[in-house]
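Peer 1: Contents of structure-v1.txt (compact mmCIF, C-alpha atoms) are given next:
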# COMPACT_ATOMS: atom_id res chain seq x y z
CA HIS Z 134 -16.49 -11.45 -9.40
CA VAL Z 135 -12.85 -10.82 -8.54
CA PRO Z 136 -11.06 -9.38 -11.59
CA LEU Z 137 -8.07 -11.40 -12.76
CA GLY Z 138 -5.10 -10.10 -14.71
CA HIS Z 139 -1.47 -9.11 -14.58
CA CYS Z 140 -0.25 -8.32 -11.10
CA HIS Z 141 3.00 -6.79 -9.78
CA GLY Z 142 2.71 -8.83 -6.58
CA ASP Z 143 4.47 -6.37 -4.25
CA LEU Z 144 3.27 -2.93 -5.34
CA THR Z 145 4.39 -0.87 -2.36
CA LEU Z 146 5.82 2.64 -2.50
CA SER Z 147 9.28 1.22 -1.85
CA ASN Z 148 9.02 -0.68 -5.16
CA ILE Z 149 8.09 2.38 -7.23
CA LEU Z 150 10.98 4.51 -8.43
CA LEU Z 151 10.37 8.02 -9.74
CA SER Z 152 12.79 10.26 -11.58
CA GLU Z 153 12.54 13.47 -13.48
CA GLY Z 154 12.74 13.11 -17.23
CA ASP Z 155 14.20 15.47 -19.81
CA GLY Z 156 11.14 17.70 -20.24
CA ASP Z 157 9.68 20.07 -17.66
CA ASP Z 158 6.70 17.86 -16.88
CA ALA Z 159 8.29 14.50 -17.67
CA LEU Z 160 8.33 11.91 -14.93
CA THR Z 161 9.66 8.40 -15.31
CA VAL Z 162 8.03 5.67 -13.22
CA VAL Z 163 9.81 2.34 -12.83
CA LEU Z 164 8.36 -0.65 -10.97
CA ILE Z 165 10.84 -3.05 -9.36
CA ASP Z 166 10.83 -6.25 -7.29
CA PHE Z 167 7.97 -8.15 -8.90
CA LEU Z 168 6.67 -11.18 -6.96
CA ASP Z 169 4.12 -13.92 -7.40
CA SER Z 170 0.86 -12.98 -5.72
CA PHE Z 171 -1.58 -15.15 -3.82
CA VAL Z 172 -4.01 -14.28 -6.61
CA GLU Z 173 -3.25 -12.57 -9.92
CA SER Z 174 -5.63 -9.63 -9.59
CA PRO Z 175 -5.37 -5.85 -9.65
CA LEU Z 176 -7.02 -6.05 -6.22
CA ALA Z 177 -3.86 -7.64 -4.80
CA ASP Z 178 -1.79 -4.73 -6.14
CA LEU Z 179 -4.26 -2.17 -4.80
CA ALA Z 180 -4.19 -3.86 -1.39
CA LYS Z 181 -0.39 -3.66 -1.29
CA LEU Z 182 -0.48 -0.03 -2.40
CA PHE Z 183 -3.08 0.84 0.25
CA GLN Z 184 -0.88 -0.86 2.85
CA ASP Z 185 1.28 2.22 2.26
CA LEU Z 186 -1.29 4.85 1.31
CA ARG Z 187 -3.79 4.18 4.10
CA TYR Z 188 -1.57 2.70 6.79
CA GLY Z 189 1.92 4.04 6.03
CA TRP Z 190 3.86 0.75 5.98
CA THR Z 191 6.85 2.03 3.98
CA MET Z 192 6.88 5.42 5.74
CA ARG Z 193 6.86 3.66 9.09
CA LEU Z 194 10.00 1.78 8.06
CA LEU Z 195 11.69 4.81 6.46
CA LEU Z 196 11.05 7.03 9.46
CA SER Z 197 12.44 4.46 11.87
CA GLU Z 198 15.53 4.06 9.66
CA SER Z 199 15.89 7.83 9.26
CA ALA Z 200 16.31 8.21 13.00
CA THR Z 201 19.71 6.55 12.60
CA SER Z 202 20.60 7.97 9.19
CA ALA Z 203 21.33 11.67 8.79
CA THR Z 204 21.32 11.27 5.00
CA ILE Z 205 17.77 9.91 4.86
CA SER Z 206 16.40 12.33 7.44
CA SER Z 207 17.88 15.33 5.63
CA GLN Z 208 16.32 14.23 2.32
CA LEU Z 209 12.96 13.07 3.66
CA CYS Z 210 10.19 15.53 4.44
CA PRO Z 211 7.47 13.38 6.05
CA LEU Z 212 4.75 16.03 5.69
CA SER Z 213 5.35 16.34 1.94
CA VAL Z 214 5.42 12.58 1.50
CA PHE Z 215 2.22 12.06 3.53
CA THR Z 216 0.51 14.83 1.55
CA ALA Z 217 1.48 13.17 -1.73
CA MET Z 218 0.36 9.77 -0.42
CA GLU Z 219 -3.03 11.17 0.60
CA HIS Z 220 -3.45 12.74 -2.84
CA ILE Z 221 -2.64 9.44 -4.58
CA LYS Z 222 -5.03 7.54 -2.28
CA GLN Z 223 -7.84 10.00 -3.02
CA GLN Z 224 -7.21 9.75 -6.78
CA ILE Z 225 -7.37 5.94 -6.69
CA GLU Z 226 -10.50 5.95 -4.53
CA THR Z 227 -12.17 8.50 -6.82
CA GLU Z 228 -11.35 6.35 -9.85
CA PHE Z 229 -12.42 3.01 -8.37
CA LEU Z 230 -14.94 3.74 -5.59
CA GLU Z 231 -17.97 3.10 -7.77
CA VAL Z 232 -16.49 0.06 -9.50
CA GLY Z 233 -18.34 -3.03 -8.26
CA TRP Z 234 -15.32 -5.30 -7.74
CA PHE Z 235 -13.43 -2.58 -5.87
CA LYS Z 236 -16.36 -1.87 -3.55
CA SER Z 237 -16.98 -5.56 -2.93
CA PHE Z 238 -13.48 -6.91 -2.47
CA HIS Z 239 -10.91 -4.17 -1.80
CA GLY Z 240 -11.27 -4.27 2.01
CA VAL Z 241 -11.17 -8.06 2.04
CA PHE Z 242 -7.98 -8.09 -0.03
CA LEU Z 243 -6.41 -5.50 2.27
CA VAL Z 244 -7.15 -7.67 5.32
CA LEU Z 245 -5.79 -10.78 3.59
CA ASN Z 246 -2.66 -8.88 2.58
CA GLN Z 247 -1.99 -7.63 6.10
CA LEU Z 248 -2.47 -11.13 7.53
CA ARG Z 249 -0.16 -12.54 4.85
CA VAL Z 250 2.55 -10.00 5.74
CA LEU Z 251 2.28 -10.92 9.43
CA GLN Z 252 4.42 -14.04 8.94
CA TYR Z 253 7.32 -11.80 7.85
CA SER Z 254 7.11 -9.37 10.78
CA LYS Z 255 10.40 -9.41 12.63
CA ASP Z 256 9.42 -7.54 15.75
CA GLU Z 257 6.51 -7.05 18.08
CA GLY Z 258 5.92 -3.49 16.86
CA ALA Z 259 5.37 -4.67 13.28
CA ALA Z 260 2.98 -7.38 14.45
CA ARG Z 261 1.01 -4.84 16.53
CA TYR Z 262 0.88 -2.52 13.52
CA LEU Z 263 -0.48 -5.30 11.30
CA PHE Z 264 -3.11 -6.39 13.84
CA ARG Z 265 -4.18 -2.75 14.31
CA THR Z 266 -4.64 -2.29 10.55
CA VAL Z 267 -6.59 -5.56 10.28
CA ARG Z 268 -8.90 -4.48 13.13
CA SER Z 269 -9.43 -1.12 11.45
CA GLU Z 270 -10.30 -2.70 8.09
CA MET Z 271 -12.55 -5.29 9.72
CA ALA Z 272 -14.44 -2.50 11.50
CA THR Z 273 -14.90 -0.75 8.15
CA LEU Z 274 -16.06 -3.96 6.47
CA THR Z 275 -18.62 -4.74 9.18
CA HIS Z 276 -20.13 -1.24 8.96
CA GLN Z 277 -20.71 -1.33 5.20
Mind turning the file's structure into structure tokens?
Peer 2:
Amino acid sequence: HVPLGHCHGDLTLSNILLSEGDGDDALTVVLIDFLDSFVESPLADLAKLFQDLRYGWTMRLLLSESATSATISSQLCPLSVFTAMEHIKQQIETEFLEVGWFKSFHGVFLVLNQLRVLQYSKDEGAARYLFRTVRSEMATLTHQ
């Protein structure tokens, strides 16, 4: 069964703000830009998050913007960001990989999410990116 529950609706890295707190190890996490989801499930949030963690949606946009913005490019270290993203992805997969609903439905939700985002793609490059990620996920799903 698909788990139902509270859902952010657009849980991408661009909607997660981090800031250092007062203590040495304190980190404040703020989620912004909540949306209605096609289904209220943690799987929808995980699919949106993996759109970034597995396929680099937000980084793709940031890196293309940074080419025209000296401020962003001087503050952004892609290698560090990709390393952090890979670590987060591995932590989530370690936590959920053996959970039945994650194993059964995560890939399907990721495909549905990418297809849903396709209607908002404003250029041919974004559409190609989305089709490429769907093909990749479909290949994974058919080999399970």
Peer 1: As number ranges by chain, please: the residues near Ile221 of chain Z (cut-off 12 Å, all atoms listed in the file, same-chain neighbours under 3 positions excluded).
Peer 2: Z: 146, 179, 182-183, 185-187, 214-218, 224-228
Peer 1: Let me make sure I understand: among Z:Leu230, Z:Val135, Z:Ala180, Z:Met271, which one has the smallest atom-to-atom distance to Val250 of chain Z if we use all atoms listed in the file?
Peer 2: Z:Ala180
Peer 1: Once 8 Å is added on each side, what centre and edge lengths in Å to one decimal does the axis-aligned box around all listed atoms of segment 163-179 of chain Z have, as AutoDock Vina command-line options?
Peer 2:
--center_x 1.9 --center_y -6.4 --center_z -8.3 --size_x 33.9 --size_y 33.5 --size_z 25.0
Peer 1: Identify which of the residues Z:Ser237, Z:Gln252, Z:Ser213, Z:Ser152 lies closest to Met192 of chain Z, counting only C-alpha atoms when measuring atom-to-atom distances.
Peer 2: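 With only C-alpha atoms as the atom set, the closest residue is Z:Ser213.
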Peer 1: For Leu194 of chain Z, which residue among Z:Ala259, Z:Val172, Z:Leu137, Z:Leu160 is the nearest when counting all atoms listed in the file?
Peer 2: Z:Ala259
Peer 1: Write out as a ChimeraX atom specification each polymer residue whose atoms come within 9 Å of Phe171 of chain Z, counting all atoms listed in the file; drop sequence neighbours fewer than 3 positions from it.
Peer 2: /Z:142,174,177
Peer 1: Those same residues, written as a CSV table (one decimal), in the frame of the given file with C-alpha atoms?
Peer 2:
chain,number,residue,atom,x,y,z
Z,142,GLY,CA,2.7,-8.8,-6.6
Z,174,SER,CA,-5.6,-9.6,-9.6
Z,177,ALA,CA,-3.9,-7.6,-4.8
Peer 1: Given the choices Z:Leu274, Z:Leu151, Z:Ala260, Z:Leu251, which gets closest to Leu164 of chain Z if the distance is worked out from all atoms listed in the file?
Peer 2: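 Looking at the shortest contact to Leu164 of chain Z, the residue is Z:Leu151.
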Peer 1: Pick the closest to Gln277 of chain Z from Z:Tyr253, Z:Thr191, Z:Gly240, Z:Asp143: which is it, counting all atoms listed in the file?
Peer 2: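 The shortest atom-to-atom distance to Gln277 of chain Z comes from Z:Gly240.
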Peer 1: Out of Z:Thr275, Z:His220, Z:Pro136, Z:Arg261, which residue has the shortest atom-to-atom distance to Glu173 of chain Z when counting all atoms listed in the file?
Peer 2: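 Using all atoms listed in the file, Glu173 of chain Z sits closest to Z:Pro136.
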Peer 1: Quick one: distance from atom CA of Cys140 of chain Z to atom CA of Asp166 of chain Z in Å, one decimal?
Peer 2: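 That distance, rounded to one decimal, is 11.9 Å.
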Peer 1: Residues near His134 of chain Z, anyone? I mean within 9 Å using only C-alpha atoms, not counting same-chain ones fewer than 4 positions away, as a PDB file with C-alpha atoms, in the frame of the given file.
Peer 2:
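Just written: result_1.pdb:
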ATOM      1  CA  GLY Z 233     -18.340  -3.030  -8.260  1.00  0.00           C
ATOM      2  CA  TRP Z 234     -15.320  -5.300  -7.740  1.00  0.00           C
ATOM      3  CA  SER Z 237     -16.980  -5.560  -2.930  1.00  0.00           C
ATOM      4  CA  PHE Z 238     -13.480  -6.910  -2.470  1.00  0.00           C
TER       5      PHE Z 238
END
Peer 1: Which distance in Å separates atom CA of Val244 of chain Z and atom CA of Arg268 of chain Z, to one decimal?
Peer 2: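 That distance, rounded to one decimal, is 8.6 Å.
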Peer 1: Figure out the distance between atom CA of Thr266 of chain Z and atom CA of Lys181 of chain Z, please, to one decimal in Å.
Peer 2: 12.7 Å
Peer 1: Tell me which protein, DNA and RNA residues are within 8 Å of Gln184 of chain Z, counting all atoms listed in the file, leaving out same-chain ones fewer than 6 positions away, and put them as JSON, numbers by chain.
Peer 2: {"Z": [145, 190, 243, 247]}
Peer 1: Print the selection's residues with C-alpha atoms to a file, as a PDB file, in the frame of the given file.
Peer 2:
ATOM      1  CA  THR Z 145       4.390  -0.870  -2.360  1.00  0.00           C
ATOM      2  CA  TRP Z 190       3.860   0.750   5.980  1.00  0.00           C
ATOM      3  CA  LEU Z 243      -6.410  -5.500   2.270  1.00  0.00           C
ATOM      4  CA  GLN Z 247      -1.990  -7.630   6.100  1.00  0.00           C
TER       5      GLN Z 247
END
